[in-house]
Structure formats: C-alpha cells, structure tokens
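A.B. asks: Before I ask anything, here is the structure I am working with.
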Amino acid sequence: MPLIRPFAGLRPAKGRSADVIAPPYDVLDCDEARARAQGRPWSFLHISRAEIDLPEGTDPYDPAVYQKAAANLQHMLDAGVLRRDDKPCYYVYRLVMGTHMQTGLVAAASVHEYDSNRIRRHEFTRPDKEDDRVRQIEALNAQTGPVLLAYRSRPEIDGLLESATGEEPDCEVVADDGIAHSLWVIRDTGLIDVFSAAFETMDALYIADGHHRSAAASRVAAARAAMDDNAGYFLAVVFPHSQLRILDYNRVVRDLNGMTPETFLAGLTDRFTVAPVASACHPQGPGEFGMYLGGQWFRLGIRPERVPDDPVGCLDVSLLAENLLAPVLGITDPRSDRRIDFVGGIRGLVELEGRVDSGKMQVAFSMYPTRMEDLMAVADAGGVMPPKSTWFEPKLADGLVSHMLD
C-alpha cells in the first residue's frame with residue numbers, strides 16, 4: 001500500500017472557510033464549544049461537538065450526538081457550505097502563529113502502514129476515546145479530525161512543499177485565536193506523482209498528535225475489511241519534524257502528600273539540586289525544572305546519576321515522575337490520580353502561579369518542552385511516552401479539509 005495518497009477532499013465552499021473552521025474537537029469542553037459556536041450556524045463545531053445542539057447535560061457519547069453530527073454534516077452539504085473536490089488532490093497547509101510558520105501536506109495516510117508500524121506511535125490509547133472516534137467516523141462516513149504526522153526533515157521534500165506555496169492560496173483565513181490557516185490545492189497529476197514518490201522513499205512517519213483518531217481509523221478499516229479503498233486510509237497532515245513546535249506541558253499538584261513545605265524541600269535534595277530564583281523559572285534545557293511553592297520559584301536540576309540511558313526514561317516528564325511525583329508526592333499513576341493536573345504551556349507560567357496562589361494547588365512544576373527528536377527516538381524504539389508529554393502549537397483546524405470514506 002502507498003504510504004500516502006491524494007484524495008477528493010470535502011472543503012468549505014469559496015468564501016466560507018471563516019464561517020466553518022473550528023478548533024480541534026478535543027481542545028474544548030462542551031461549554032466552551034457551545035460558546036464558540038454561538039451565532040455561527042456553519043461552525044464545524046456543530047459536527048465535531050454536536051452535543052452543543054442538544055439539551056444541556058447531554059452525554060457527549062450518547063447515540064443522539066452522532067446522529068446529530070451526521071444530520072448537521074448533511075445540512076452543510078445541502079446548503080452548499082461544504083463541497084467535495086471532483087478528483088483526488090493533495091493540499092499544502094500552512095499555519096502561522098506569530099513568528100512561527102509550518103508548512104505540511106494534507107494527505108490520506110495508509111492504515112496498513114500504520115498497522116505495520118511504518119507510521120509510528122508513541123502513546124497508549126483509551127478504549128472509550130477510541131470508541132468515540134469510531135462512532136463519529138461511522139456516523140459521518142468521514143474522517144473530519146486530521147492526525148498530525150511528522151517526517152524527518154529532508155531539504156528536497158521541505159523545498160517541494162515550500163515551492164507549492166508560490167501562488168495565491170485557494171483558502172486563507174485567520175481564526176479567532178489569531179492563527180492564520182492557508183491551503184493550496186495540488187491538482188496537477190504530475191506534481192501529485194512527485195509528492196507521492198518523494199514520501200514513498202521514507203522509512204517512517206511519526207504520529208505527533210492524533211493517536212485515538214488513527215487507532216479508530218484502523219478499527220473502521222478492519223471492520224469493513226477495507227485496506228485499498230478510502231476506508232483503508234486516514235486523514236493526516238504531514239510536516240517536517242524541524243517545523244513542529246512543542247510547548248511545555250506543565251504539572252500542578254493539589255497537596256504535598258502530608259508534608260510541610262520545609263520537609264518536602266528537604267526530601268528533594270538527594271535527587272535534585274534546588275535553588276531559589278527571583279522570578280518565574282523557565283527551564284533552560286533538558287534535566288532542569290521550575291518549581292513554584294509557597295509564593296517562591298525554585299530551579300531544580302536532576303542529578304546526572306539519576307538519568308537512565310533509555311529513550312523513555314531520560315525524558316524530563318519521566319525524570320520528574322520517577323524522582324519526585326512518585327517517590328515524594330505519592331503520585332504513581334498520573335493518568336488516574338486526581339491530585340495532579342496538567343497545564344499546556346500556551347497558558348504561560350502565570351497560570352501555574354495562579355493555580356497555587358489560589359490555594360487550589362500546592363505546588364507547580366514548569367517543564368522543558370519535549371523535543372521532536374526525543375519523540376521519534378521513543379517511537380523508533382517501540383516505546384510509550386508518559387501521559388501529557390507533548391503540547392503542540394499551533395493546532396490544526398477542524399473543517400478545513402475532511403476525508404470521505406466513499
């Protein structure tokens with residue numbers, strides 16, 4: 001099976017992109033989605049979070065939600081707000097957030113190559129979230145949330161993507177959050193073949209974000225016994241790894257496991273160097289952490305002998321978990337322990353200070369962002385990263401391009 005292939009995308013009609021595109025379904029809760037869709041009848045949130053069109057309190061996993069999503073999609077098709085391209089295309093997708101820019105290829109990625117680990121993963125998935133995506137795909141007969149993939153940057157392929165942006169984009173819109181989304185449709189069959197051949201030379205692609213979406217696509221393909229038609233491929237956007245931006249994914253903890261601040265600090269010194277600092281502490285490199293406790297910032301440095309020689313164990317999120325969260329604070333399973341919460345770096349360190357100063361949390365930890373090289377090393381080794389290891393920004397938009405399964 002080809003690693004990627006073009007497809008006839010379902011897209012907003014000309015001039016309708018600003019009405020349609022929405023944040024990814026999994027970055028907003030129901031109340032936030034309802035507020036964002038207020039007064040926007042064509043927002044893709046009516047498809048990706050269709051519970052907003054049902055009575056408040058509706059379970060987002062209720063069968064009525066998926067039925068409503070399908071009805072809303074059909075309504076947008078009937079109204080001509082969404083239209084499908086008449087032949088398979090690739091799409092070059094550029095995001096601009098402040099001074100950051102990344103340019104990738106929207107393509108259909110092979111489920112077979114995902115199942116055989118040529119498209120590599122680095123996270124466990126939760127059955128309930130997989131089930132949700134399976135039901136959504138089956139109800140819509142479409143994949144609407146793109147999987148974020150990365151390839152090891154190659155100048156010739158990076159340049160090919162860049163050269164495709166020389167003309168005016170087919171779609172250009174600035175979302176509510178200020179992120180600019182631009183799309184170029186690649187219709188030329190010769191250029192399509194060039195892209196396909198270039199990607200076919202790659203040993204692997206890497207899932208950056210979207211493990212539940214890709215796992216759900218695999219389940220749908222298996223259920224339909226379909227590997228060579230549309231159901232055997234899933235919606236993806238593939239970027240060079242050097243352009244993807246991972247922000248810090250910080251931690252806050254509700255209590256000190258029965259210790260006083262003084263006892264807690266004393267318990268860190270055999271694993272970390274600990275030094276107070278005058279202002280909010282942004283770690284300067286791997287193995288360094290900021291800690292906010294009792295109105296004071298500290299800089300923590302992991303002692304070198306505590307860093308194991310394996311791609312998962314040497315991650316900063318692993319080092320904090322194994323040397324502080326578990327042995328000192330008693331948090332052995334961050335996935336289920338309600339004493340810990342996670343704060344994306346997009347909110348800044350002031351959010352950590354606010355959580356602690358409010359009394360809702362007792363201590364906060366600022367992290368150095370996981371590097372793409374580390375993520376790929378874990379995936380290559382067949383490893384699994386700890387939960388909440390990466391926070392990618394900017395986010396891909398839902399509704400810009402969708403992949404129909406028939």
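Naming works like this for the structure tokens: A, B, ... for the chains as they're shown, residue 1 at the start of each chain, ligands 1 onward in shown order.
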Mind checking which residues fall within 7 Å of Phe365 of chain A, counting only C-alpha atoms, ignoring those fewer than 6 positions away in the same chain, and posting them as an mmCIF file with C-alpha atoms, in the first residue's frame?
C.D. replies:
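Saved result, result-v4.cif, follows:
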```cif
data_model
loop_
_atom_site.group_PDB
_atom_site.id
_atom_site.type_symbol
_atom_site.label_atom_id
_atom_site.label_comp_id
_atom_site.auth_asym_id
_atom_site.auth_seq_id
_atom_site.Cartn_x
_atom_site.Cartn_y
_atom_site.Cartn_z
ATOM 1 C CA ASN A 250 3.412 21.647 32.965
ATOM 2 C CA ARG A 251 2.213 19.952 36.158
ATOM 3 C CA VAL A 252 0.295 21.162 39.212
ATOM 4 C CA PHE A 289 12.652 22.117 36.104
ATOM 5 C CA GLY A 290 10.951 25.137 37.600
ATOM 6 C CA MET A 291 9.007 24.707 40.813
ATOM 7 C CA TYR A 292 6.551 27.165 42.384
#
```
A.B. asks: Please report as a Markdown table every residue of segment 58-161 of chain A lying within 12 Å of segment 193-211 of chain A, along with the nearest atom pair and their distance in Å (one decimal), using only C-alpha atoms.
C.D. replies:
```
| residue | atom | partner | partner_atom | distance |
| --- | --- | --- | --- | --- |
| A:Pro88 | CA | A:Asp193 | CA | 11.6 |
| A:Cys89 | CA | A:Asp193 | CA | 10.5 |
| A:Tyr90 | CA | A:Phe195 | CA | 8.5 |
| A:Tyr91 | CA | A:Phe195 | CA | 10.7 |
| A:Val92 | CA | A:Phe195 | CA | 10.7 |
| A:Gly104 | CA | A:Phe195 | CA | 11.5 |
| A:Leu105 | CA | A:Phe195 | CA | 9.0 |
| A:Val106 | CA | A:Phe195 | CA | 11.1 |
| A:Ala107 | CA | A:Ser196 | CA | 9.6 |
| A:Ala108 | CA | A:Ser196 | CA | 10.8 |
| A:Ala109 | CA | A:Leu205 | CA | 9.6 |
| A:Ser110 | CA | A:Leu205 | CA | 10.7 |
| A:Glu113 | CA | A:Ala204 | CA | 9.0 |
| A:Tyr114 | CA | A:Leu205 | CA | 9.0 |
| A:Ser116 | CA | A:Ala204 | CA | 10.5 |
| A:Asn117 | CA | A:Ala204 | CA | 8.0 |
| A:Arg118 | CA | A:Ala204 | CA | 4.8 |
| A:Ile119 | CA | A:Leu205 | CA | 4.7 |
| A:Arg120 | CA | A:Tyr206 | CA | 4.8 |
| A:Arg121 | CA | A:Ile207 | CA | 5.3 |
| A:His122 | CA | A:Ile207 | CA | 7.4 |
| A:Glu123 | CA | A:His211 | CA | 6.9 |
| A:Phe124 | CA | A:His211 | CA | 7.9 |
| A:Thr125 | CA | A:His211 | CA | 6.6 |
| A:Arg126 | CA | A:His211 | CA | 9.6 |
| A:Pro127 | CA | A:His211 | CA | 11.5 |
| A:Lys129 | CA | A:His211 | CA | 9.9 |
| A:Glu130 | CA | A:His211 | CA | 8.8 |
| A:Arg133 | CA | A:His211 | CA | 10.6 |
| A:Gln143 | CA | A:Gly210 | CA | 12.0 |
| A:Thr144 | CA | A:Gly210 | CA | 11.8 |
| A:Gly145 | CA | A:Gly210 | CA | 8.4 |
| A:Pro146 | CA | A:Gly210 | CA | 7.4 |
| A:Val147 | CA | A:Gly210 | CA | 4.6 |
| A:Leu148 | CA | A:Asp209 | CA | 5.0 |
| A:Leu149 | CA | A:Ile207 | CA | 4.6 |
| A:Ala150 | CA | A:Tyr206 | CA | 5.1 |
| A:Tyr151 | CA | A:Leu205 | CA | 5.0 |
| A:Arg152 | CA | A:Leu205 | CA | 7.7 |
| A:Ser153 | CA | A:Met202 | CA | 10.4 |
| A:Arg154 | CA | A:Met202 | CA | 9.9 |
| A:Pro155 | CA | A:Ala198 | CA | 11.4 |
| A:Glu156 | CA | A:Ala198 | CA | 8.7 |
| A:Ile157 | CA | A:Ala198 | CA | 6.9 |
| A:Asp158 | CA | A:Ala198 | CA | 10.6 |
| A:Gly159 | CA | A:Phe195 | CA | 11.3 |
| A:Leu160 | CA | A:Phe195 | CA | 7.9 |
| A:Leu161 | CA | A:Phe195 | CA | 8.8 |
```
A.B. asks: Excluding Thr273 of chain A and residues on its chain fewer than 4 positions from it, collect all residues at most 8 Å away from it, counting only C-alpha atoms, and give them as a ChimeraX atom specification.
C.D. replies: /A:268-269,299-303
A.B. asks: Now that the selection is made, can you save its residues with C-alpha atoms as a PDB file, in the first residue's frame?
C.D. replies:
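See out-v4.pdb below for the written result:
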```pdb
ATOM      1  CA  LEU A 268      14.291  16.612  47.093  1.00  0.00           C
ATOM      2  CA  THR A 269      17.986  17.207  47.657  1.00  0.00           C
ATOM      3  CA  ARG A 299      15.156  25.916  39.893  1.00  0.00           C
ATOM      4  CA  LEU A 300      15.567  22.141  40.122  1.00  0.00           C
ATOM      5  CA  GLY A 301      18.316  20.223  38.356  1.00  0.00           C
ATOM      6  CA  ILE A 302      18.209  16.449  38.141  1.00  0.00           C
ATOM      7  CA  ARG A 303      21.402  14.852  39.425  1.00  0.00           C
TER       8      ARG A 303
END
```
A.B. asks: Write out as a VMD selection string the residues lying within 12 Å of Val384 of chain A, counting only C-alpha atoms and excluding same-chain residues fewer than 3 positions away.
C.D. replies: chain A and resid 120 to 125 211 310 to 313 315 318 374 to 381 387 to 389
A.B. asks: What's around Gly399 of chain A at 8 Å? Count only C-alpha atoms, leave out sequence neighbours fewer than 5 positions away in its own chain, and write the answer as a list in words.
C.D. replies: Arg11, Pro12, Val20, Ile21, Ala22, Phe44, Thr144 and Gly145 of chain A
